[in-house]
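Student: Got a file for you: model22.cif, mmCIF, C-alpha atoms.
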```cif
data_protein
loop_
_atom_site.label_atom_id
_atom_site.label_comp_id
_atom_site.auth_asym_id
_atom_site.auth_seq_id
_atom_site.Cartn_x
_atom_site.Cartn_y
_atom_site.Cartn_z
CA MET A 68 0.00 0.00 0.00
CA VAL A 69 1.14 3.54 -0.75
CA ARG A 70 -0.13 6.34 1.47
CA VAL A 71 -1.01 9.60 -0.27
CA GLU A 72 -1.31 12.77 1.83
CA PHE A 73 -2.67 16.16 0.86
CA LEU A 74 -0.90 18.98 2.66
CA GLY A 75 -1.82 22.52 3.70
CA PRO A 76 -5.11 23.83 2.31
CA ILE A 77 -6.06 20.76 0.23
CA GLN A 78 -9.15 19.51 2.01
CA LYS A 79 -8.83 15.81 1.30
CA GLU A 80 -8.35 12.84 3.58
CA PRO A 81 -5.23 10.66 3.03
CA LEU A 82 -5.59 7.73 0.63
CA GLU A 83 -4.14 4.21 0.87
CA LEU A 84 -3.65 2.95 -2.68
CA GLU A 85 -2.31 -0.17 -4.43
CA ILE A 86 -0.19 1.68 -6.98
CA THR A 87 3.33 1.13 -8.30
CA ASN A 88 4.12 4.48 -9.90
CA LEU A 89 3.08 8.13 -10.13
CA ASN A 90 1.33 7.64 -13.48
CA GLU A 91 -1.21 5.43 -11.74
CA LEU A 92 -1.65 8.03 -9.01
CA ALA A 93 -2.13 10.79 -11.61
CA LYS A 94 -4.87 8.75 -13.30
CA ILE A 95 -6.73 8.21 -10.03
CA LEU A 96 -6.50 11.84 -8.92
CA GLN A 97 -7.47 13.20 -12.36
CA GLU A 98 -10.83 11.46 -11.94
CA ASP A 99 -11.51 13.56 -8.82
CA GLU A 100 -12.99 16.90 -9.96
CA SER A 101 -12.10 18.58 -6.62
CA MET A 102 -8.41 17.89 -7.33
CA LYS A 103 -8.29 19.50 -10.78
CA GLU A 104 -6.86 22.86 -9.69
CA TRP A 105 -4.53 21.29 -7.10
CA LEU A 106 -2.99 18.95 -9.66
CA GLU A 107 -2.05 21.99 -11.77
CA ASN A 108 -0.21 23.82 -9.00
CA SER A 109 0.98 21.19 -6.52
CA ALA A 110 4.43 19.72 -6.14
CA VAL A 111 4.93 16.04 -5.31
CA ALA A 112 7.18 14.47 -2.68
CA VAL A 113 7.95 10.77 -2.33
CA ASN A 114 9.10 9.80 1.16
CA ASP A 115 9.62 13.52 1.91
CA THR A 116 11.84 14.19 -1.12
CA LEU A 117 10.47 16.42 -3.88
CA VAL A 118 10.38 14.75 -7.31
CA SER A 119 10.42 16.49 -10.67
CA SER A 120 8.95 13.82 -12.93
CA ARG A 121 6.53 10.90 -12.82
CA ASP A 122 9.36 8.41 -13.45
CA VAL A 123 9.35 7.15 -9.90
CA VAL A 124 8.71 3.55 -8.89
CA LEU A 125 6.58 3.19 -5.77
CA LYS A 126 6.75 0.24 -3.41
CA ASP A 127 4.77 -0.98 -0.44
CA GLY A 128 5.08 1.46 2.47
CA ASP A 129 6.07 4.49 0.39
CA ARG A 130 4.49 7.85 1.19
CA VAL A 131 3.50 10.41 -1.40
CA ALA A 132 2.60 14.00 -0.48
CA LEU A 133 1.04 16.77 -2.57
CA LEU A 134 2.29 20.26 -1.71
CA PRO A 135 0.15 23.17 -2.97
CA PRO A 136 1.60 26.70 -3.49
CA VAL A 137 3.50 27.98 -0.46
CA CYS A 138 3.83 31.32 1.31
CA GLY A 139 5.82 31.38 4.51
CA GLY A 140 6.81 34.45 6.47
CA MET B 1282 19.25 26.16 13.67
CA LEU B 1283 15.54 26.05 12.91
CA TYR B 1284 13.03 26.94 15.62
CA LEU B 1285 9.25 26.47 15.32
CA TYR B 1286 6.82 28.02 17.79
CA ASP B 1287 3.08 27.81 18.36
CA GLY B 1288 1.67 31.32 17.82
CA ALA B 1289 3.52 34.65 17.59
CA LEU B 1290 7.29 34.93 18.01
CA ASP B 1291 8.82 36.70 20.98
CA VAL B 1292 11.09 38.90 18.87
CA PRO B 1293 13.28 40.53 21.56
CA GLU B 1294 13.83 37.19 23.28
CA ILE B 1295 14.74 35.30 20.09
CA LEU B 1296 17.10 38.01 18.82
CA LYS B 1297 18.76 38.15 22.22
CA GLU B 1298 19.07 34.36 22.45
CA TRP B 1299 20.68 34.15 19.00
CA TYR B 1300 23.00 37.04 19.80
CA GLU B 1301 24.12 35.31 22.97
CA GLN B 1302 24.60 31.96 21.20
CA GLU B 1303 27.11 33.52 18.81
CA ALA B 1304 28.53 36.37 20.89
CA LYS B 1305 31.90 34.61 21.24
CA SER B 1306 31.94 32.91 17.82
CA ASN B 1307 34.05 35.63 16.19
CA TYR B 1308 31.42 36.61 13.61
CA GLY B 1309 31.76 40.22 12.49
CA ALA B 1310 28.17 40.51 11.26
CA TYR B 1311 24.71 39.52 12.60
CA ILE B 1312 21.97 40.41 10.14
CA PRO B 1313 18.40 39.57 11.19
CA PHE B 1314 15.22 39.90 9.16
CA VAL B 1315 11.99 40.17 11.16
CA GLY B 1316 8.66 39.66 9.39
CA THR B 1317 5.64 41.35 10.97
CA VAL B 1318 1.94 40.83 10.21
CA ARG B 1319 0.60 44.05 8.70
CA SER B 1320 -2.95 45.36 8.72
CA GLU B 1321 -4.34 45.06 5.18
CA ASP B 1322 -7.56 43.86 3.48
CA ASN B 1323 -9.35 43.84 6.84
CA ILE B 1324 -7.51 40.76 8.08
CA GLU B 1325 -7.42 40.03 11.81
CA GLY B 1326 -4.17 38.14 11.47
CA LEU B 1327 -2.52 35.27 9.63
CA SER B 1328 -2.37 31.55 10.27
CA PHE B 1329 0.24 29.01 9.17
CA ASP B 1330 0.52 25.29 8.46
CA ILE B 1331 4.01 23.78 8.27
CA TYR B 1332 5.16 20.44 6.87
CA GLU B 1333 8.19 19.82 9.03
CA PRO B 1334 10.03 16.90 7.33
CA ILE B 1335 10.56 18.82 4.08
CA LEU B 1336 11.10 22.14 5.86
CA ASN B 1337 13.91 20.49 7.86
CA SER B 1338 15.67 19.10 4.79
CA TRP B 1339 15.27 22.41 2.91
CA PHE B 1340 16.79 24.26 5.87
CA GLU B 1341 19.66 21.77 6.24
CA ALA B 1342 20.59 22.31 2.58
CA TRP B 1343 20.78 26.07 3.21
CA GLN B 1344 22.78 25.57 6.38
CA LYS B 1345 25.36 23.61 4.36
CA LYS B 1346 25.56 26.44 1.79
CA ALA B 1347 26.10 28.90 4.64
CA GLU B 1348 28.79 26.73 6.25
CA ALA B 1349 30.67 26.66 2.94
CA LYS B 1350 30.96 30.45 3.27
CA GLY B 1351 31.88 30.37 6.93
CA ALA B 1352 28.41 31.61 7.89
CA VAL B 1353 25.53 30.29 9.97
CA ILE B 1354 21.76 30.69 9.44
CA LYS B 1355 19.07 30.73 12.10
CA MET B 1356 15.36 30.79 11.43
CA ALA B 1357 12.23 30.93 13.58
CA HIS B 1358 8.65 30.52 12.31
CA SER B 1359 5.18 30.37 13.81
CA ARG B 1360 2.63 27.60 13.58
CA GLY B 1361 -1.04 28.50 13.88
CA ASP B 1362 -2.43 31.99 14.42
CA VAL B 1363 -0.42 35.23 14.54
CA MET B 1364 -2.32 38.47 15.01
CA LEU B 1365 -1.73 41.98 13.59
CA HIS B 1366 1.61 43.61 14.43
CA GLU B 1367 3.00 40.37 15.80
CA SER B 1368 5.88 38.50 14.18
CA SER B 1369 5.64 35.11 12.46
CA TYR B 1370 9.10 34.91 10.93
CA ILE B 1371 12.69 35.72 11.84
CA ALA B 1372 15.73 34.75 9.81
CA ALA B 1373 19.30 35.75 10.59
CA VAL B 1374 22.74 35.19 9.15
CA PHE B 1375 25.99 35.40 11.08
CA SER B 1376 29.19 35.66 9.06
CA PRO B 1377 32.76 36.77 9.50
CA LYS B 1378 32.24 39.75 7.14
CA ARG B 1379 29.11 41.78 6.40
CA ARG B 1380 28.97 41.27 2.60
CA VAL B 1381 28.38 37.51 2.85
CA ALA B 1382 25.63 37.96 5.43
CA LEU B 1383 23.89 40.76 3.49
CA GLU B 1384 23.84 38.72 0.27
CA PHE B 1385 22.93 35.50 2.03
CA ILE B 1386 19.94 36.87 3.91
CA ASP B 1387 18.50 38.15 0.61
CA GLU B 1388 18.95 34.83 -1.23
CA PHE B 1389 17.76 32.82 1.73
CA VAL B 1390 14.55 34.78 2.33
CA GLU B 1391 13.68 34.74 -1.41
CA ASP B 1392 14.08 30.96 -1.60
CA PHE B 1393 12.18 30.60 1.67
CA LYS B 1394 9.21 32.39 0.09
CA ALA B 1395 9.35 30.20 -3.03
CA SER B 1396 10.18 26.80 -1.58
CA ALA B 1397 9.62 26.35 2.16
CA PRO B 1398 6.59 24.08 2.76
CA ILE B 1399 4.54 26.58 4.75
CA TRP B 1400 0.96 27.59 3.93
CA LYS B 1401 -0.50 30.96 4.83
CA TYR B 1402 -4.12 31.76 5.59
CA ASP B 1403 -5.78 35.13 6.21
CA LEU B 1404 -7.86 35.29 9.39
CA LYS B 1405 -11.13 36.97 8.47
CA GLY B 1406 -14.32 36.84 10.52
CA GLY B 1407 -12.73 34.09 12.60
CA LYS B 1408 -12.20 31.92 9.50
CA ARG B 1409 -8.97 30.76 7.83
CA VAL B 1410 -8.86 31.72 4.14
CA TYR B 1411 -5.99 30.23 2.13
CA ALA B 1412 -3.89 33.04 0.61
CA LEU B 1413 -3.61 31.43 -2.83
CA ASP B 1414 -3.02 34.71 -4.71
CA ARG B 1415 0.07 35.46 -2.59
CA SER B 1416 1.43 31.92 -2.75
CA THR B 1417 4.03 30.45 -5.10
CA ALA B 1418 3.91 27.00 -6.70
CA ILE B 1419 7.02 25.03 -5.70
CA LYS B 1420 9.46 24.45 -8.58
CA GLY B 1421 8.44 21.29 -10.46
CA SER B 1422 4.74 21.57 -9.58
CA GLY B 1423 2.08 20.14 -11.86
CA ILE B 1424 3.60 16.74 -12.71
CA LEU B 1425 0.35 14.92 -11.88
CA LYS B 1426 -1.94 17.12 -13.99
#
```
Show me the file's structure as structure tokens.

Tutor:
Amino acid sequence: MVRVEFLGPIQKEPLELEITNLNELAKILQEDESMKEWLENSAVAVNDTLVSSRDVVLKDGDRVALLPPVCGG
Amino acid sequence: MLYLYDGALDVPEILKEWYEQEAKSNYGAYIPFVGTVRSEDNIEGLSFDIYEPILNSWFEAWQKKAEAKGAVIKMAHSRGDVMLHESSYIAAVFSPKRRVALEFIDEFVEDFKASAPIWKYDLKGGKRVYALDRSTAIKGSGILK
């Protein structure tokens, strides 16, 4: 199982998914209308490291996080 | 060092503490930046969410860059609500000479605004309203769209 968390203002409960890569996650999230805008502007971290492409293999126990636009300070 | 606090920062105390930590470290310059919540658009204050694991690794990377120049960075940030005229953010650079610290504080604060995993909300009518229009998408965003 891969745990997917939605950080900051994204109002969505974490998901536990049987997926093996980020393409599969993209497909699932694209079917959720409430995620449309967030998918455009969110960054993705796998096990707390930001990734810059979908070419990432996911294995059991991995954690994926979506990080929407930030503004500290 | 990175310090996170619940609610507003105690500015005089933090600046004093950092000063005392480095008073004998032979740094010639101590340059702090203090961010204060301003009154605008009828907000009552601001509120912050922080994702600590990525904030920690982002900060460690900057600390290494500072060390390479013989400098040290300190940063404090609030979690939760911070009201008008209170402070939510302090960053400071200590370095042997002023030029490094002046340049570093600028670069550091700019990257902080663009990359640190912190989300800001306006407090209006007792509600938290995500400040999307003032926020920046992290570099590499949009790969799942």

Student: Take every atom of range 1289-1303 of chain B listed in the file, fit an axis-aligned box around them, add 6 Å per side, and give the centre and edge lengths in Å to one decimal as AutoDock Vina command-line options.

Tutor:
```
--center_x 15.3 --center_y 36.2 --center_z 20.4 --size_x 35.6 --size_y 20.6 --size_z 17.7
```

Student: Which neighbours of Met1356 in chain B fall inside 7 Å, counting only C-alpha atoms, when residues of the same chain fewer than 3 positions from it are skipped, and could you give them as a PyMOL selection string?

Tutor: chain B and resi 1282-1284+1371-1373

Student: Applying the PyMOL selection byres ((chain A and resi 122-127) around 12) to the file I just gave you, which residues come out? Please list them as JSON, numbers by chain.

Tutor: {"A": [68, 69, 70, 71, 83, 84, 85, 86, 87, 88, 89, 90, 91, 92, 93, 111, 112, 113, 114, 116, 117, 118, 119, 120, 121, 128, 129, 130, 131], "B": [1424, 1425]}

Student: Could you check the closest approach to Phe1389 in chain B for each of B:Pro1334, B:Gly1421, B:Pro1377, B:Pro1313 and tell me which residue wins, using all atoms listed in the file?

Tutor: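 Using all atoms listed in the file, Phe1389 in chain B sits closest to B:Pro1313.
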
Student: Could you please determine the separation between CA of Val1318 in chain B and CA of Ala1412 in chain B in Å, to one decimal place?

Tutor: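 That distance, rounded to one decimal, is 13.7 Å.
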
Student: Can you translate the PyMOL selection byres ((chain B) within 8 of (chain A)) into the concrete residues it hits in this file, as number ranges by chain?

Tutor: B: 1316, 1329-1332, 1334-1335, 1358, 1369-1370, 1393-1401, 1411-1413, 1415-1426

Student: Is it possible to dump range 76-121 of chain A as an mmCIF file, in the first residue's frame, including just N, CA and C atoms?

Tutor:
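File produced: part33.cif:
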```cif
data_model
loop_
_atom_site.group_PDB
_atom_site.id
_atom_site.type_symbol
_atom_site.label_atom_id
_atom_site.label_comp_id
_atom_site.auth_asym_id
_atom_site.auth_seq_id
_atom_site.Cartn_x
_atom_site.Cartn_y
_atom_site.Cartn_z
ATOM 1 N N PRO A 76 -3.691 23.507 2.487
ATOM 2 C CA PRO A 76 -5.105 23.832 2.309
ATOM 3 C C PRO A 76 -5.912 22.795 1.519
ATOM 4 N N ILE A 77 -5.281 21.743 1.006
ATOM 5 C CA ILE A 77 -6.064 20.760 0.232
ATOM 6 C C ILE A 77 -6.935 19.965 1.208
ATOM 7 N N GLN A 78 -8.226 20.154 1.077
ATOM 8 C CA GLN A 78 -9.154 19.511 2.013
ATOM 9 C C GLN A 78 -9.484 18.104 1.518
ATOM 10 N N LYS A 79 -8.573 17.180 1.731
ATOM 11 C CA LYS A 79 -8.832 15.810 1.298
ATOM 12 C C LYS A 79 -8.142 14.856 2.253
ATOM 13 N N GLU A 80 -8.890 13.833 2.645
ATOM 14 C CA GLU A 80 -8.349 12.842 3.577
ATOM 15 C C GLU A 80 -7.264 12.016 2.882
ATOM 16 N N PRO A 81 -6.273 11.506 3.634
ATOM 17 C CA PRO A 81 -5.233 10.661 3.025
ATOM 18 C C PRO A 81 -5.838 9.426 2.350
ATOM 19 N N LEU A 82 -5.140 8.935 1.337
ATOM 20 C CA LEU A 82 -5.595 7.730 0.628
ATOM 21 C C LEU A 82 -4.567 6.621 0.838
ATOM 22 N N GLU A 83 -5.042 5.381 0.860
ATOM 23 C CA GLU A 83 -4.143 4.214 0.872
ATOM 24 C C GLU A 83 -4.401 3.495 -0.439
ATOM 25 N N LEU A 84 -3.413 3.462 -1.331
ATOM 26 C CA LEU A 84 -3.651 2.947 -2.681
ATOM 27 C C LEU A 84 -2.674 1.833 -3.039
ATOM 28 N N GLU A 85 -3.178 0.884 -3.863
ATOM 29 C CA GLU A 85 -2.314 -0.170 -4.426
ATOM 30 C C GLU A 85 -1.803 0.345 -5.760
ATOM 31 N N ILE A 86 -0.738 1.136 -5.734
ATOM 32 C CA ILE A 86 -0.191 1.676 -6.975
ATOM 33 C C ILE A 86 1.311 1.428 -6.991
ATOM 34 N N THR A 87 1.898 1.414 -8.200
ATOM 35 C CA THR A 87 3.334 1.128 -8.299
ATOM 36 C C THR A 87 4.117 2.276 -8.926
ATOM 37 N N ASN A 88 3.396 3.320 -9.356
ATOM 38 C CA ASN A 88 4.121 4.475 -9.896
ATOM 39 C C ASN A 88 3.219 5.726 -9.872
ATOM 40 N N LEU A 89 3.828 6.872 -10.216
ATOM 41 C CA LEU A 89 3.080 8.132 -10.134
ATOM 42 C C LEU A 89 2.095 8.300 -11.288
ATOM 43 N N ASN A 90 2.316 7.581 -12.393
ATOM 44 C CA ASN A 90 1.328 7.638 -13.483
ATOM 45 C C ASN A 90 -0.019 7.089 -13.013
ATOM 46 N N GLU A 91 0.037 6.011 -12.252
ATOM 47 C CA GLU A 91 -1.214 5.428 -11.738
ATOM 48 C C GLU A 91 -1.897 6.392 -10.766
ATOM 49 N N LEU A 92 -1.074 7.064 -9.956
ATOM 50 C CA LEU A 92 -1.655 8.031 -9.013
ATOM 51 C C LEU A 92 -2.286 9.195 -9.782
ATOM 52 N N ALA A 93 -1.596 9.679 -10.818
ATOM 53 C CA ALA A 93 -2.131 10.792 -11.612
ATOM 54 C C ALA A 93 -3.505 10.420 -12.169
ATOM 55 N N LYS A 94 -3.611 9.215 -12.698
ATOM 56 C CA LYS A 94 -4.868 8.752 -13.298
ATOM 57 C C LYS A 94 -6.005 8.770 -12.264
ATOM 58 N N ILE A 95 -5.708 8.273 -11.082
ATOM 59 C CA ILE A 95 -6.735 8.211 -10.031
ATOM 60 C C ILE A 95 -7.157 9.622 -9.612
ATOM 61 N N LEU A 96 -6.176 10.487 -9.408
ATOM 62 C CA LEU A 96 -6.504 11.836 -8.919
ATOM 63 C C LEU A 96 -7.179 12.685 -9.999
ATOM 64 N N GLN A 97 -6.848 12.427 -11.262
ATOM 65 C CA GLN A 97 -7.470 13.198 -12.356
ATOM 66 C C GLN A 97 -8.973 12.915 -12.454
ATOM 67 N N GLU A 98 -9.395 11.780 -11.906
ATOM 68 C CA GLU A 98 -10.831 11.464 -11.944
ATOM 69 C C GLU A 98 -11.611 12.199 -10.854
ATOM 70 N N ASP A 99 -10.869 12.841 -9.936
ATOM 71 C CA ASP A 99 -11.507 13.564 -8.821
ATOM 72 C C ASP A 99 -11.590 15.052 -9.196
ATOM 73 N N GLU A 100 -12.795 15.520 -9.490
ATOM 74 C CA GLU A 100 -12.991 16.900 -9.956
ATOM 75 C C GLU A 100 -12.441 17.927 -8.953
ATOM 76 N N SER A 101 -12.554 17.621 -7.648
ATOM 77 C CA SER A 101 -12.102 18.579 -6.625
ATOM 78 C C SER A 101 -10.571 18.737 -6.612
ATOM 79 N N MET A 102 -9.881 17.834 -7.309
ATOM 80 C CA MET A 102 -8.413 17.889 -7.330
ATOM 81 C C MET A 102 -7.858 18.594 -8.562
ATOM 82 N N LYS A 103 -8.743 18.966 -9.482
ATOM 83 C CA LYS A 103 -8.294 19.499 -10.781
ATOM 84 C C LYS A 103 -7.304 20.661 -10.625
ATOM 85 N N GLU A 104 -7.716 21.677 -9.863
ATOM 86 C CA GLU A 104 -6.862 22.856 -9.692
ATOM 87 C C GLU A 104 -5.576 22.506 -8.932
ATOM 88 N N TRP A 105 -5.705 21.648 -7.919
ATOM 89 C CA TRP A 105 -4.532 21.291 -7.103
ATOM 90 C C TRP A 105 -3.499 20.517 -7.907
ATOM 91 N N LEU A 106 -3.956 19.705 -8.856
ATOM 92 C CA LEU A 106 -2.985 18.950 -9.662
ATOM 93 C C LEU A 106 -2.165 19.888 -10.540
ATOM 94 N N GLU A 107 -2.764 20.996 -10.946
ATOM 95 C CA GLU A 107 -2.051 21.990 -11.769
ATOM 96 C C GLU A 107 -0.914 22.649 -10.990
ATOM 97 N N ASN A 108 -1.171 22.947 -9.697
ATOM 98 C CA ASN A 108 -0.214 23.818 -8.997
ATOM 99 C C ASN A 108 0.506 23.154 -7.816
ATOM 100 N N SER A 109 0.327 21.844 -7.663
ATOM 101 C CA SER A 109 0.975 21.190 -6.519
ATOM 102 C C SER A 109 2.253 20.457 -6.912
ATOM 103 N N ALA A 110 3.217 20.505 -5.993
ATOM 104 C CA ALA A 110 4.435 19.716 -6.143
ATOM 105 C C ALA A 110 4.211 18.354 -5.480
ATOM 106 N N VAL A 111 5.095 17.402 -5.802
ATOM 107 C CA VAL A 111 4.933 16.037 -5.305
ATOM 108 C C VAL A 111 6.213 15.609 -4.588
ATOM 109 N N ALA A 112 6.035 15.031 -3.412
ATOM 110 C CA ALA A 112 7.175 14.467 -2.684
ATOM 111 C C ALA A 112 6.943 12.983 -2.470
ATOM 112 N N VAL A 113 8.008 12.197 -2.635
ATOM 113 C CA VAL A 113 7.946 10.768 -2.332
ATOM 114 C C VAL A 113 8.880 10.532 -1.150
ATOM 115 N N ASN A 114 8.333 10.008 -0.077
ATOM 116 C CA ASN A 114 9.097 9.798 1.163
ATOM 117 C C ASN A 114 9.846 11.074 1.568
ATOM 118 N N ASP A 115 9.135 12.197 1.488
ATOM 119 C CA ASP A 115 9.620 13.518 1.908
ATOM 120 C C ASP A 115 10.735 14.111 1.052
ATOM 121 N N THR A 116 10.912 13.571 -0.160
ATOM 122 C CA THR A 116 11.837 14.188 -1.115
ATOM 123 C C THR A 116 11.038 14.635 -2.339
ATOM 124 N N LEU A 117 11.200 15.912 -2.723
ATOM 125 C CA LEU A 117 10.466 16.420 -3.884
ATOM 126 C C LEU A 117 10.943 15.705 -5.144
ATOM 127 N N VAL A 118 10.012 15.391 -6.045
ATOM 128 C CA VAL A 118 10.376 14.747 -7.311
ATOM 129 C C VAL A 118 9.954 15.663 -8.454
ATOM 130 N N SER A 119 10.692 15.567 -9.566
ATOM 131 C CA SER A 119 10.418 16.490 -10.672
ATOM 132 C C SER A 119 9.816 15.810 -11.884
ATOM 133 N N SER A 120 9.634 14.496 -11.818
ATOM 134 C CA SER A 120 8.953 13.818 -12.928
ATOM 135 C C SER A 120 8.163 12.636 -12.373
ATOM 136 N N ARG A 121 7.334 12.050 -13.266
ATOM 137 C CA ARG A 121 6.526 10.903 -12.822
ATOM 138 C C ARG A 121 7.314 9.589 -12.869
#
```
